[in-house]
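Here the structure is laid out as C-alpha cells; the discussion comes afterwards.
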Amino acid sequence: MIINKEKCIGCGDCVPYCVMGAISLSGEFATIDLHECVECGVCIRADVCPVDAIEQQPLEWPRSLRSFFSDPTAKHPDTGLAGRGTAEMKTNDVTGRFKSGEVGVGIELGRPGLGTWFTDVEKVAMAIAPLGLQWEPENPTTPLIVDKSTGKLQDDVLNEKALSAILEFIMPSEKLEELLKALDKVAKEIDTVFSLEIITKVEPDGSMPNIEKAMELGYEPMPNPKVNVGLGRPKFNG
Amino acid sequence: MTHSLHRVGTLENLKNDHTIIAMPAKGINHVGSVKALRRFIELAAQHKPSNFGLITCGNVLKVPPEEMIRQVNDGRAITVVFDNIDNFTAMLKQLKEEDLGLSVTCGGIYERTLEACKRAGLEPDTLNHSLGVFGRTDKLPRKEILEFTTMCGHHQIAAGLVEKMLADVKARKITPEDAALSLGKHCPCGFFNVTRARDLFEEKLAAAAQ
C-alpha cells in the first residue's frame, strides 16, 4: 500500500488503523514503510482518508504473497480460498480428517498482531519437520515448503512478511510430547510469536487424549476451545 | 482457519462470548450448499446475535442480512457471535431441528458451550484447543488491548486503533457503545463481539474514573 503524496494532506487519520504500525507522519505527509507493510488492505478498507490518498500499488510475486496471507478478502491462487488456513476441524464431522490416535496441529506464526517474516516460518517448519508430519495440502503455507521432510521453504518468499502464516499438519498422538519440546526450543530462536492449537477427536467415552497429554506436560489450554457439534451431513462414520 | 480460537480474556469477561461458524465441507457437501447457508443467515439474524457476517461481503454492522443472502454462494462460511447463552442455545436448538447439513463449530468457555449443547441435544464431535502464545511475547500489546484485537480473528483491528479508542472513551470524546461499534466495523467476518467490547470499554472507563 502506498500514500499518494499529491493528495495527502498530512492529517494523520490513517495512522492508528495500520495493524503493523507501518504508517507514520513524516513532515507534511503520511508515509507507509513498505518493508513492514503486509498489504492487508485494512487502511484502505477503513475508508478513513478524507482525500483518498491511500492507494494499492500493483503487487507482483513474491510481494503479492503478503496480501494472500494478510488480507482475508484476497483469494489465494493455490487454494482459491480467502484467508490463511483451512476448514481444519470445522468440518471434521463430515470429513473425518482427524481420527482417534492422531493430533491435528496449527502453529500460527505472527499472531496475535506482530506479523511474521517467512524466515521465522521456515525456522519453525525446519524444527518440526523431522518428526514426520502429514502437512495439510489445502493450507496456503504448505506449497511454500519445498522439502516436506526438512521444512525448507522456497527461497524467494523468505524476505516477505505476513500478518500471520499457519503451519498445519496431522501427526500420531504419541509424538505430541516430541513436538512440544521442539516448539519450546525454537520459540526462543524466532523474532515473533506463534499461537498454538491442537485438535482432538472426542473419544466415545468423552475423553480427549491429546489435550489431557498436553496438560500432563504442563500446558494450560485457554478456557474457550472450539467445539464441532456434529451437525454436518453426511456424517463421517469410517 | 483458527480465527475464533485464541480470544484473550478472563473467565468473567469471556462468559458472554459465544461464536458459531457454519460451513459445508469442500468436495463432500459444498455443491448446492447455498440454500442451507441462506437459511443459516436468516436464522442468525432472527436470534439477535451481537454480530455476524460473511467474509466476502462484510458484517451486519455494514451490510444488511438481505445483502449477505444475495451474495452468499456454495462453499462459504458464515460466522456469528452471541452475547448471551440463551440466544446462543436457541440458535443451536433451531439448527438441530432444521438439520441443514452444514458443519457447525462453537467457541466460548467450554463449560458454557457444553451446557448449551446439552440443552440443544448436541454432543461434541471434535475439539480445538489453544495452548497459548509462545516466542517473543514481550513484544505483544498489553492484555487489555489483546482482549479487543483478538476478537477479530483475522486481526484487522489494530492495537493502535484500540489504544486511540480507549483514550477517547476515557476522555469522554466517544461513548463505549460507539467505540465498540466503530471497532466492529473493521472485522470483515463479523466475529467481533460488539457487546463485549462495549462492556470492556465501560469497565476501563469505570476504573479510570476511580
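Labels for the C-alpha cells follow display order: chains A, B, ..., residues from 1 in each chain, ligands from 1.
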Closest-contact table, chain A side, partner chain B, 6 Å, counting only C-alpha atoms, as JSON lines:
{"residue": "A:Pro16", "atom": "CA", "partner": "B:Leu161", "partner_atom": "CA", "distance": 4.7}
{"residue": "A:Tyr17", "atom": "CA", "partner": "B:Leu161", "partner_atom": "CA", "distance": 5.5}
{"residue": "A:Cys18", "atom": "CA", "partner": "B:Ala158", "partner_atom": "CA", "distance": 5.9}
{"residue": "A:Val19", "atom": "CA", "partner": "B:Ala158", "partner_atom": "CA", "distance": 4.1}
{"residue": "A:Thr73", "atom": "CA", "partner": "B:Thr56", "partner_atom": "CA", "distance": 5.9}
{"residue": "A:Gly85", "atom": "CA", "partner": "B:Met1", "partner_atom": "CA", "distance": 4.1}
{"residue": "A:Thr86", "atom": "CA", "partner": "B:Met1", "partner_atom": "CA", "distance": 5.1}
{"residue": "A:Lys90", "atom": "CA", "partner": "B:Thr105", "partner_atom": "CA", "distance": 5.7}
{"residue": "A:Thr91", "atom": "CA", "partner": "B:Ser103", "partner_atom": "CA", "distance": 5.3}
{"residue": "A:Ala187", "atom": "CA", "partner": "B:Gly135", "partner_atom": "CA", "distance": 4.4}
{"residue": "A:Lys188", "atom": "CA", "partner": "B:Gly135", "partner_atom": "CA", "distance": 5.8}
{"residue": "A:Thr192", "atom": "CA", "partner": "B:Arg136", "partner_atom": "CA", "distance": 5.1}
{"residue": "A:Val193", "atom": "CA", "partner": "B:Gly135", "partner_atom": "CA", "distance": 4.4}
{"residue": "A:Phe194", "atom": "CA", "partner": "B:Phe134", "partner_atom": "CA", "distance": 5.4}
{"residue": "A:Ser195", "atom": "CA", "partner": "B:Val133", "partner_atom": "CA", "distance": 4.4}
{"residue": "A:Leu196", "atom": "CA", "partner": "B:Leu131", "partner_atom": "CA", "distance": 5.4}
{"residue": "A:Glu197", "atom": "CA", "partner": "B:Ser130", "partner_atom": "CA", "distance": 4.4}
{"residue": "A:Ile198", "atom": "CA", "partner": "B:His129", "partner_atom": "CA", "distance": 5.4}
{"residue": "A:Ile199", "atom": "CA", "partner": "B:Asn128", "partner_atom": "CA", "distance": 4.3}
{"residue": "A:Thr200", "atom": "CA", "partner": "B:Leu127", "partner_atom": "CA", "distance": 5.3}
{"residue": "A:Lys201", "atom": "CA", "partner": "B:Thr126", "partner_atom": "CA", "distance": 4.4}
{"residue": "A:Val202", "atom": "CA", "partner": "B:Thr126", "partner_atom": "CA", "distance": 5.3}
{"residue": "A:Pro221", "atom": "CA", "partner": "B:Leu131", "partner_atom": "CA", "distance": 4.4}
{"residue": "A:Met222", "atom": "CA", "partner": "B:Ser130", "partner_atom": "CA", "distance": 5.6}
{"residue": "A:Pro223", "atom": "CA", "partner": "B:Ile109", "partner_atom": "CA", "distance": 5.4}
{"residue": "A:Asn224", "atom": "CA", "partner": "B:Ile109", "partner_atom": "CA", "distance": 4.1}
{"residue": "A:Pro225", "atom": "CA", "partner": "B:His129", "partner_atom": "CA", "distance": 4.7}
{"residue": "A:Lys226", "atom": "CA", "partner": "B:Gly107", "partner_atom": "CA", "distance": 4.3}
{"residue": "A:Val227", "atom": "CA", "partner": "B:Leu127", "partner_atom": "CA", "distance": 4.8}
{"residue": "A:Asn228", "atom": "CA", "partner": "B:Thr105", "partner_atom": "CA", "distance": 4.1}
{"residue": "A:Val229", "atom": "CA", "partner": "B:Pro124", "partner_atom": "CA", "distance": 4.6}
{"residue": "A:Gly230", "atom": "CA", "partner": "B:Asp125", "partner_atom": "CA", "distance": 5.3}
{"residue": "A:Leu231", "atom": "CA", "partner": "B:Ser103", "partner_atom": "CA", "distance": 5.3}
{"residue": "A:Gly232", "atom": "CA", "partner": "B:Ser103", "partner_atom": "CA", "distance": 3.9}
{"residue": "A:Arg233", "atom": "CA", "partner": "B:Gly101", "partner_atom": "CA", "distance": 4.4}
Using only C-alpha atoms, which residues sit within 6 Å of B:Pro176 once same-chain residues fewer than 6 positions away are excluded, as a PyMOL selection string?
chain B and resi 198+201-202
Could you write those residues out with all heavy atoms, as a short mmCIF file (atom, residue, chain, number, x, y, z; two decimals), in the first residue's frame?
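Output saved as result.cif:
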data_model
loop_
_atom_site.label_atom_id
_atom_site.label_comp_id
_atom_site.auth_asym_id
_atom_site.auth_seq_id
_atom_site.Cartn_x
_atom_site.Cartn_y
_atom_site.Cartn_z
N ARG B 198 -18.09 -3.21 24.17
CA ARG B 198 -18.71 -2.09 24.91
C ARG B 198 -18.51 -2.28 26.42
O ARG B 198 -18.13 -1.35 27.13
CB ARG B 198 -20.22 -2.05 24.60
CG ARG B 198 -20.95 -0.91 25.28
CD ARG B 198 -22.44 -1.21 25.39
NE ARG B 198 -22.68 -2.39 26.23
CZ ARG B 198 -23.82 -3.07 26.25
NH1 ARG B 198 -24.81 -2.73 25.47
NH2 ARG B 198 -23.97 -4.12 27.06
N PHE B 201 -14.97 -1.54 27.40
CA PHE B 201 -14.72 -0.09 27.44
C PHE B 201 -15.33 0.51 28.71
O PHE B 201 -14.73 1.37 29.36
CB PHE B 201 -15.30 0.60 26.21
CG PHE B 201 -14.41 0.56 25.00
CD1 PHE B 201 -14.90 0.09 23.78
CD2 PHE B 201 -13.10 1.01 25.04
CE1 PHE B 201 -14.10 0.06 22.64
CE2 PHE B 201 -12.28 0.98 23.91
CZ PHE B 201 -12.79 0.51 22.71
N GLU B 202 -16.55 0.07 29.04
CA GLU B 202 -17.21 0.61 30.25
C GLU B 202 -16.41 0.28 31.50
O GLU B 202 -16.27 1.11 32.41
CB GLU B 202 -18.64 0.06 30.34
CG GLU B 202 -19.59 0.76 29.39
CD GLU B 202 -21.00 0.20 29.40
OE1 GLU B 202 -21.23 -0.86 30.03
OE2 GLU B 202 -21.87 0.83 28.75
#
Taking the chain letters and numbering used in this document, name the residues of stretch 71-151 of chain A that DSSP puts in helix (DSSP H, G or I), as a ChimeraX atom specification.
/A:88-95,118-131,142-144
Keeping only N, CA and C atoms, write the selected residues as a tab-separated table (two decimals), in the first residue's frame.
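And here's part.tsv as it stands now:
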chain	number	residue	atom	x	y	z
A	88	GLU	N	-9.87	-27.02	8.71
A	88	GLU	CA	-9.35	-27.87	9.81
A	88	GLU	C	-10.46	-28.71	10.46
A	89	MET	N	-10.73	-28.53	11.76
A	89	MET	CA	-11.71	-29.42	12.42
A	89	MET	C	-13.14	-28.95	12.23
A	90	LYS	N	-13.34	-27.84	11.56
A	90	LYS	CA	-14.69	-27.28	11.50
A	90	LYS	C	-15.64	-28.12	10.65
A	91	THR	N	-15.09	-29.01	9.82
A	91	THR	CA	-15.96	-29.93	9.07
A	91	THR	C	-15.59	-31.38	9.38
A	92	ASN	N	-14.94	-31.60	10.51
A	92	ASN	CA	-14.44	-32.96	10.81
A	92	ASN	C	-15.57	-33.97	10.99
A	93	ASP	N	-16.77	-33.50	11.35
A	93	ASP	CA	-17.90	-34.42	11.49
A	93	ASP	C	-18.28	-35.03	10.14
A	94	VAL	N	-17.91	-34.36	9.05
A	94	VAL	CA	-18.23	-34.85	7.70
A	94	VAL	C	-17.00	-35.48	7.03
A	95	THR	N	-15.84	-34.85	7.22
A	95	THR	CA	-14.63	-35.32	6.51
A	95	THR	C	-13.90	-36.44	7.23
A	118	PHE	N	8.86	-14.76	6.70
A	118	PHE	CA	8.85	-16.18	6.34
A	118	PHE	C	10.14	-16.88	6.74
A	119	THR	N	11.17	-16.12	7.08
A	119	THR	CA	12.37	-16.75	7.65
A	119	THR	C	12.03	-17.44	8.97
A	120	ASP	N	11.14	-16.80	9.74
A	120	ASP	CA	10.74	-17.41	11.01
A	120	ASP	C	9.79	-18.59	10.77
A	121	VAL	N	8.96	-18.49	9.74
A	121	VAL	CA	8.10	-19.63	9.40
A	121	VAL	C	8.98	-20.83	9.07
A	122	GLU	N	10.04	-20.57	8.30
A	122	GLU	CA	10.95	-21.66	7.92
A	122	GLU	C	11.67	-22.24	9.14
A	123	LYS	N	12.09	-21.36	10.05
A	123	LYS	CA	12.78	-21.85	11.26
A	123	LYS	C	11.92	-22.87	12.00
A	124	VAL	N	10.64	-22.51	12.18
A	124	VAL	CA	9.74	-23.40	12.92
A	124	VAL	C	9.48	-24.67	12.11
A	125	ALA	N	9.24	-24.51	10.81
A	125	ALA	CA	8.97	-25.68	9.97
A	125	ALA	C	10.15	-26.65	10.01
A	126	MET	N	11.37	-26.11	9.97
A	126	MET	CA	12.56	-26.97	9.97
A	126	MET	C	12.80	-27.63	11.33
A	127	ALA	N	12.30	-26.98	12.37
A	127	ALA	CA	12.47	-27.56	13.71
A	127	ALA	C	11.55	-28.75	13.94
A	128	ILE	N	10.43	-28.78	13.21
A	128	ILE	CA	9.44	-29.83	13.48
A	128	ILE	C	9.31	-30.86	12.36
A	129	ALA	N	9.73	-30.50	11.16
A	129	ALA	CA	9.54	-31.42	10.01
A	129	ALA	C	10.16	-32.80	10.23
A	130	PRO	N	11.35	-32.89	10.87
A	130	PRO	CA	11.94	-34.22	11.05
A	130	PRO	C	11.07	-35.18	11.87
A	131	LEU	N	10.05	-34.67	12.54
A	131	LEU	CA	9.18	-35.56	13.32
A	131	LEU	C	8.29	-36.41	12.41
A	142	THR	N	1.62	-24.61	3.04
A	142	THR	CA	2.20	-25.91	2.67
A	142	THR	C	2.90	-25.90	1.30
A	143	PRO	N	2.31	-25.31	0.25
A	143	PRO	CA	3.01	-25.33	-1.05
A	143	PRO	C	4.34	-24.57	-1.04
A	144	LEU	N	4.53	-23.70	-0.04
A	144	LEU	CA	5.79	-22.95	0.04
A	144	LEU	C	6.92	-23.80	0.61
Using only C-alpha atoms, which residues sit within 7 Å of A:Asn210 once same-chain residues fewer than 3 positions away are excluded, as a VMD selection string?
chain A and resid 103 173 200 213 to 214
If we count only C-alpha atoms and set the cut-off at 9 Å, which residues sit around B:Arg38, ignoring sequence neighbours fewer than 6 positions away in its own chain? Please answer as a PyMOL selection string.
chain B and resi 68-70+72-73
If I take atom CA of A:Trp135 and atom CA of A:Leu114, how far is one from the other in Å, to one decimal?
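A separation of 24.4 Å between them.
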d(atom CA of A:Gly132, atom CA of A:Pro209) in Å
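Value for the atom CA of A:Gly132-atom CA of A:Pro209 distance: 20.2 Å.
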Please provide the set of residues having any atom within 10 Å of B:Ala208, restricted to only C-alpha atoms, with same-chain residues fewer than 4 positions apart removed, written as a PyMOL selection string.
chain B and resi 170-171+202-204
Writer output for current selection, C-alpha atoms, as a PDB file, in the first residue's frame:
ATOM      1  CA  LYS B 170     -11.577   7.791  28.936  1.00  0.00           C
ATOM      2  CA  ALA B 171     -11.566  11.425  27.758  1.00  0.00           C
ATOM      3  CA  GLU B 202     -17.210   0.611  30.247  1.00  0.00           C
ATOM      4  CA  GLU B 203     -15.077  -1.388  32.640  1.00  0.00           C
ATOM      5  CA  LYS B 204     -11.955   0.609  31.690  1.00  0.00           C
TER       6      LYS B 204
END
Between A:Ala53, A:Leu163, A:Ala30, A:Val48, which is the closest to A:Ser70 once you count only C-alpha atoms?
A:Leu163
Please extract the residues of stretch 104-227 of chain A with a backbone DSSP assignment of strand (DSSP E or B) and present them as a CSV table (one decimal) with N, CA, C and O atoms, in the first residue's frame.
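File states_19.csv, as written:
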chain,number,residue,atom,x,y,z
A,104,GLY,N,-4.2,-33.1,15.4
A,104,GLY,CA,-4.1,-32.0,14.4
A,104,GLY,C,-3.5,-30.8,15.1
A,104,GLY,O,-3.7,-30.5,16.3
A,105,VAL,N,-2.6,-30.2,14.4
A,105,VAL,CA,-1.8,-29.1,14.9
A,105,VAL,C,-1.8,-27.9,14.0
A,105,VAL,O,-1.7,-28.0,12.8
A,106,GLY,N,-2.0,-26.7,14.6
A,106,GLY,CA,-1.9,-25.5,13.8
A,106,GLY,C,-1.0,-24.5,14.6
A,106,GLY,O,-1.2,-24.3,15.8
A,107,ILE,N,0.1,-24.1,13.9
A,107,ILE,CA,1.0,-23.2,14.5
A,107,ILE,C,0.9,-21.9,13.8
A,107,ILE,O,1.4,-21.8,12.6
A,108,GLU,N,0.3,-20.9,14.3
A,108,GLU,CA,0.0,-19.6,13.6
A,108,GLU,C,1.1,-18.6,14.0
A,108,GLU,O,1.0,-18.0,15.0
A,109,LEU,N,2.1,-18.5,13.1
A,109,LEU,CA,3.2,-17.5,13.4
A,109,LEU,C,2.7,-16.1,13.1
A,109,LEU,O,2.0,-15.8,12.2
A,116,THR,N,4.8,-11.9,10.8
A,116,THR,CA,5.9,-12.8,10.8
A,116,THR,C,6.6,-12.7,9.5
A,116,THR,O,6.0,-12.5,8.4
A,117,TRP,N,7.9,-12.8,9.5
A,117,TRP,CA,8.7,-13.0,8.3
A,117,TRP,C,8.7,-14.4,8.0
A,117,TRP,O,8.7,-15.3,8.9
A,134,GLN,N,2.3,-35.0,8.6
A,134,GLN,CA,1.4,-35.1,7.4
A,134,GLN,C,0.9,-33.6,7.1
A,134,GLN,O,-0.1,-33.2,7.7
A,135,TRP,N,1.6,-32.9,6.3
A,135,TRP,CA,1.3,-31.5,6.1
A,135,TRP,C,-0.1,-31.4,5.4
A,135,TRP,O,-0.4,-32.2,4.5
A,145,ILE,N,6.6,-24.9,1.2
A,145,ILE,CA,7.6,-25.8,1.8
A,145,ILE,C,8.1,-26.7,0.7
A,145,ILE,O,7.4,-27.7,0.3
A,146,VAL,N,9.2,-26.4,0.2
A,146,VAL,CA,9.7,-27.2,-1.0
A,146,VAL,C,10.2,-28.6,-0.6
A,146,VAL,O,10.2,-29.5,-1.4
A,147,ASP,N,10.7,-28.7,0.6
A,147,ASP,CA,11.1,-30.1,1.0
A,147,ASP,C,10.3,-30.4,2.3
A,147,ASP,O,10.6,-29.9,3.4
A,152,LYS,N,12.2,-27.0,4.6
A,152,LYS,CA,12.8,-25.8,3.9
A,152,LYS,C,11.7,-25.2,3.0
A,152,LYS,O,11.0,-25.8,2.3
A,153,LEU,N,11.7,-23.8,3.1
A,153,LEU,CA,10.8,-23.0,2.3
A,153,LEU,C,11.5,-22.6,1.0
A,153,LEU,O,12.7,-22.5,1.0
A,161,LYS,N,6.9,-10.7,4.4
A,161,LYS,CA,6.3,-10.6,5.8
A,161,LYS,C,4.8,-10.7,5.6
A,161,LYS,O,4.2,-10.2,4.6
A,162,ALA,N,4.1,-11.4,6.5
A,162,ALA,CA,2.7,-11.5,6.5
A,162,ALA,C,2.1,-11.3,7.9
A,162,ALA,O,2.8,-11.3,8.9
A,165,ALA,N,1.0,-16.6,9.3
A,165,ALA,CA,1.0,-17.8,8.4
A,165,ALA,C,0.9,-19.0,9.3
A,165,ALA,O,1.5,-19.1,10.4
A,166,ILE,N,0.1,-20.0,8.9
A,166,ILE,CA,-0.1,-21.2,9.7
A,166,ILE,C,0.6,-22.4,9.1
A,166,ILE,O,0.4,-22.7,8.0
A,167,LEU,N,1.3,-23.1,10.0
A,167,LEU,CA,1.8,-24.4,9.7
A,167,LEU,C,0.8,-25.4,10.2
A,167,LEU,O,0.5,-25.4,11.4
A,168,GLU,N,0.3,-26.2,9.3
A,168,GLU,CA,-0.9,-27.0,9.7
A,168,GLU,C,-0.6,-28.5,9.3
A,168,GLU,O,-0.2,-28.7,8.1
A,169,PHE,N,-0.8,-29.4,10.2
A,169,PHE,CA,-0.4,-30.8,9.9
A,169,PHE,C,-1.1,-31.8,10.9
A,169,PHE,O,-1.7,-31.3,11.9
A,170,ILE,N,-1.0,-33.0,10.6
A,170,ILE,CA,-1.5,-34.1,11.4
A,170,ILE,C,-0.3,-35.0,11.8
A,170,ILE,O,0.5,-35.2,10.9
A,171,MET,N,-0.3,-35.5,13.0
A,171,MET,CA,0.7,-36.5,13.4
A,171,MET,C,0.1,-37.5,14.4
A,171,MET,O,-0.9,-37.2,14.9
A,172,PRO,N,0.8,-38.6,14.6
A,172,PRO,CA,0.4,-39.5,15.6
A,172,PRO,C,0.4,-38.9,17.0
A,172,PRO,O,1.3,-38.2,17.3
A,193,VAL,N,5.9,-14.2,17.5
A,193,VAL,CA,5.2,-15.2,18.4
A,193,VAL,C,4.5,-16.2,17.5
A,193,VAL,O,4.4,-16.0,16.3
A,194,PHE,N,4.1,-17.3,18.1
A,194,PHE,CA,3.1,-18.1,17.5
A,194,PHE,C,2.0,-18.5,18.4
A,194,PHE,O,2.3,-18.7,19.6
A,195,SER,N,0.8,-18.6,17.9
A,195,SER,CA,-0.3,-19.2,18.7
A,195,SER,C,-0.4,-20.7,18.3
A,195,SER,O,-0.4,-21.0,17.1
A,196,LEU,N,-0.6,-21.5,19.3
A,196,LEU,CA,-0.5,-22.9,19.1
A,196,LEU,C,-1.9,-23.6,19.4
A,196,LEU,O,-2.5,-23.3,20.4
A,197,GLU,N,-2.4,-24.4,18.5
A,197,GLU,CA,-3.6,-25.1,18.6
A,197,GLU,C,-3.4,-26.6,18.4
A,197,GLU,O,-2.6,-27.0,17.6
A,198,ILE,N,-4.2,-27.4,19.2
A,198,ILE,CA,-4.2,-28.8,19.0
A,198,ILE,C,-5.6,-29.3,18.9
A,198,ILE,O,-6.5,-28.9,19.6
A,199,ILE,N,-5.8,-30.2,17.9
A,199,ILE,CA,-7.2,-30.7,17.6
A,199,ILE,C,-7.3,-32.2,18.0
A,199,ILE,O,-6.4,-33.0,17.8
A,200,THR,N,-8.4,-32.5,18.7
A,200,THR,CA,-8.7,-33.8,19.2
A,200,THR,C,-10.0,-34.3,18.8
A,200,THR,O,-11.0,-33.6,19.0
A,201,LYS,N,-10.1,-35.5,18.2
A,201,LYS,CA,-11.4,-36.2,18.0
A,201,LYS,C,-11.8,-36.7,19.4
A,201,LYS,O,-11.1,-37.4,20.1
A,226,LYS,N,-12.7,-24.4,20.6
A,226,LYS,CA,-13.8,-24.6,19.5
A,226,LYS,C,-14.3,-26.0,19.6
A,226,LYS,O,-13.5,-27.0,19.8
A,227,VAL,N,-15.6,-26.1,19.4
A,227,VAL,CA,-16.2,-27.4,19.5
A,227,VAL,C,-17.1,-27.7,18.3
A,227,VAL,O,-18.1,-27.0,18.0
Might you pull out every residue within 9 Å of B:Leu61, with only C-alpha atoms counted and same-chain residues fewer than 3 positions away left off, and present them as a PyMOL selection string?
chain B and resi 51-53+58+64+181+184-185+190
Could you take the residues named above and write them with N, CA, C and O atoms, as a short mmCIF file (atom, residue, chain, number, x, y, z; two decimals), in the first residue's frame?
data_model
loop_
_atom_site.label_atom_id
_atom_site.label_comp_id
_atom_site.auth_asym_id
_atom_site.auth_seq_id
_atom_site.Cartn_x
_atom_site.Cartn_y
_atom_site.Cartn_z
N ASN B 51 -23.17 -9.84 16.56
CA ASN B 51 -22.58 -9.51 15.26
C ASN B 51 -22.59 -10.77 14.41
O ASN B 51 -22.62 -11.89 14.96
N PHE B 52 -22.59 -10.66 13.13
CA PHE B 52 -22.36 -11.79 12.25
C PHE B 52 -22.00 -11.29 10.86
O PHE B 52 -22.18 -10.11 10.55
N GLY B 53 -21.47 -12.21 10.04
CA GLY B 53 -21.06 -11.77 8.72
C GLY B 53 -20.65 -12.88 7.78
O GLY B 53 -20.63 -14.07 8.14
N GLY B 58 -18.93 -8.72 4.22
CA GLY B 58 -18.81 -7.81 5.35
C GLY B 58 -19.70 -8.26 6.50
O GLY B 58 -20.37 -9.29 6.40
N PRO B 64 -26.62 -5.31 5.39
CA PRO B 64 -27.82 -5.96 5.91
C PRO B 64 -27.85 -7.45 5.55
O PRO B 64 -27.27 -7.85 4.53
N LEU B 181 -18.78 -0.10 18.38
CA LEU B 181 -19.32 -0.18 17.02
C LEU B 181 -18.29 0.25 15.99
O LEU B 181 -18.17 -0.35 14.92
N GLY B 184 -15.87 -2.55 15.59
CA GLY B 184 -16.52 -3.72 14.98
C GLY B 184 -16.65 -3.64 13.47
O GLY B 184 -16.63 -4.66 12.78
N LYS B 185 -16.72 -2.44 12.96
CA LYS B 185 -16.88 -2.27 11.51
C LYS B 185 -15.70 -2.83 10.73
O LYS B 185 -15.82 -3.18 9.56
N GLY B 190 -17.26 -10.60 11.01
CA GLY B 190 -18.34 -10.40 11.97
C GLY B 190 -18.18 -11.16 13.27
O GLY B 190 -19.13 -11.30 14.04
#
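One finds atom CA of A:Arg66 at 14.8 Å from atom CA of A:Gln154.
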With a distance cut-off of 10 Å and only C-alpha atoms, select the neighbouring residues of A:Glu28, excluding the residue or stretch itself and same-chain residues fewer than 3 positions from it, and output the selection as a PyMOL selection string.
chain A and resi 5+8-12+25+31
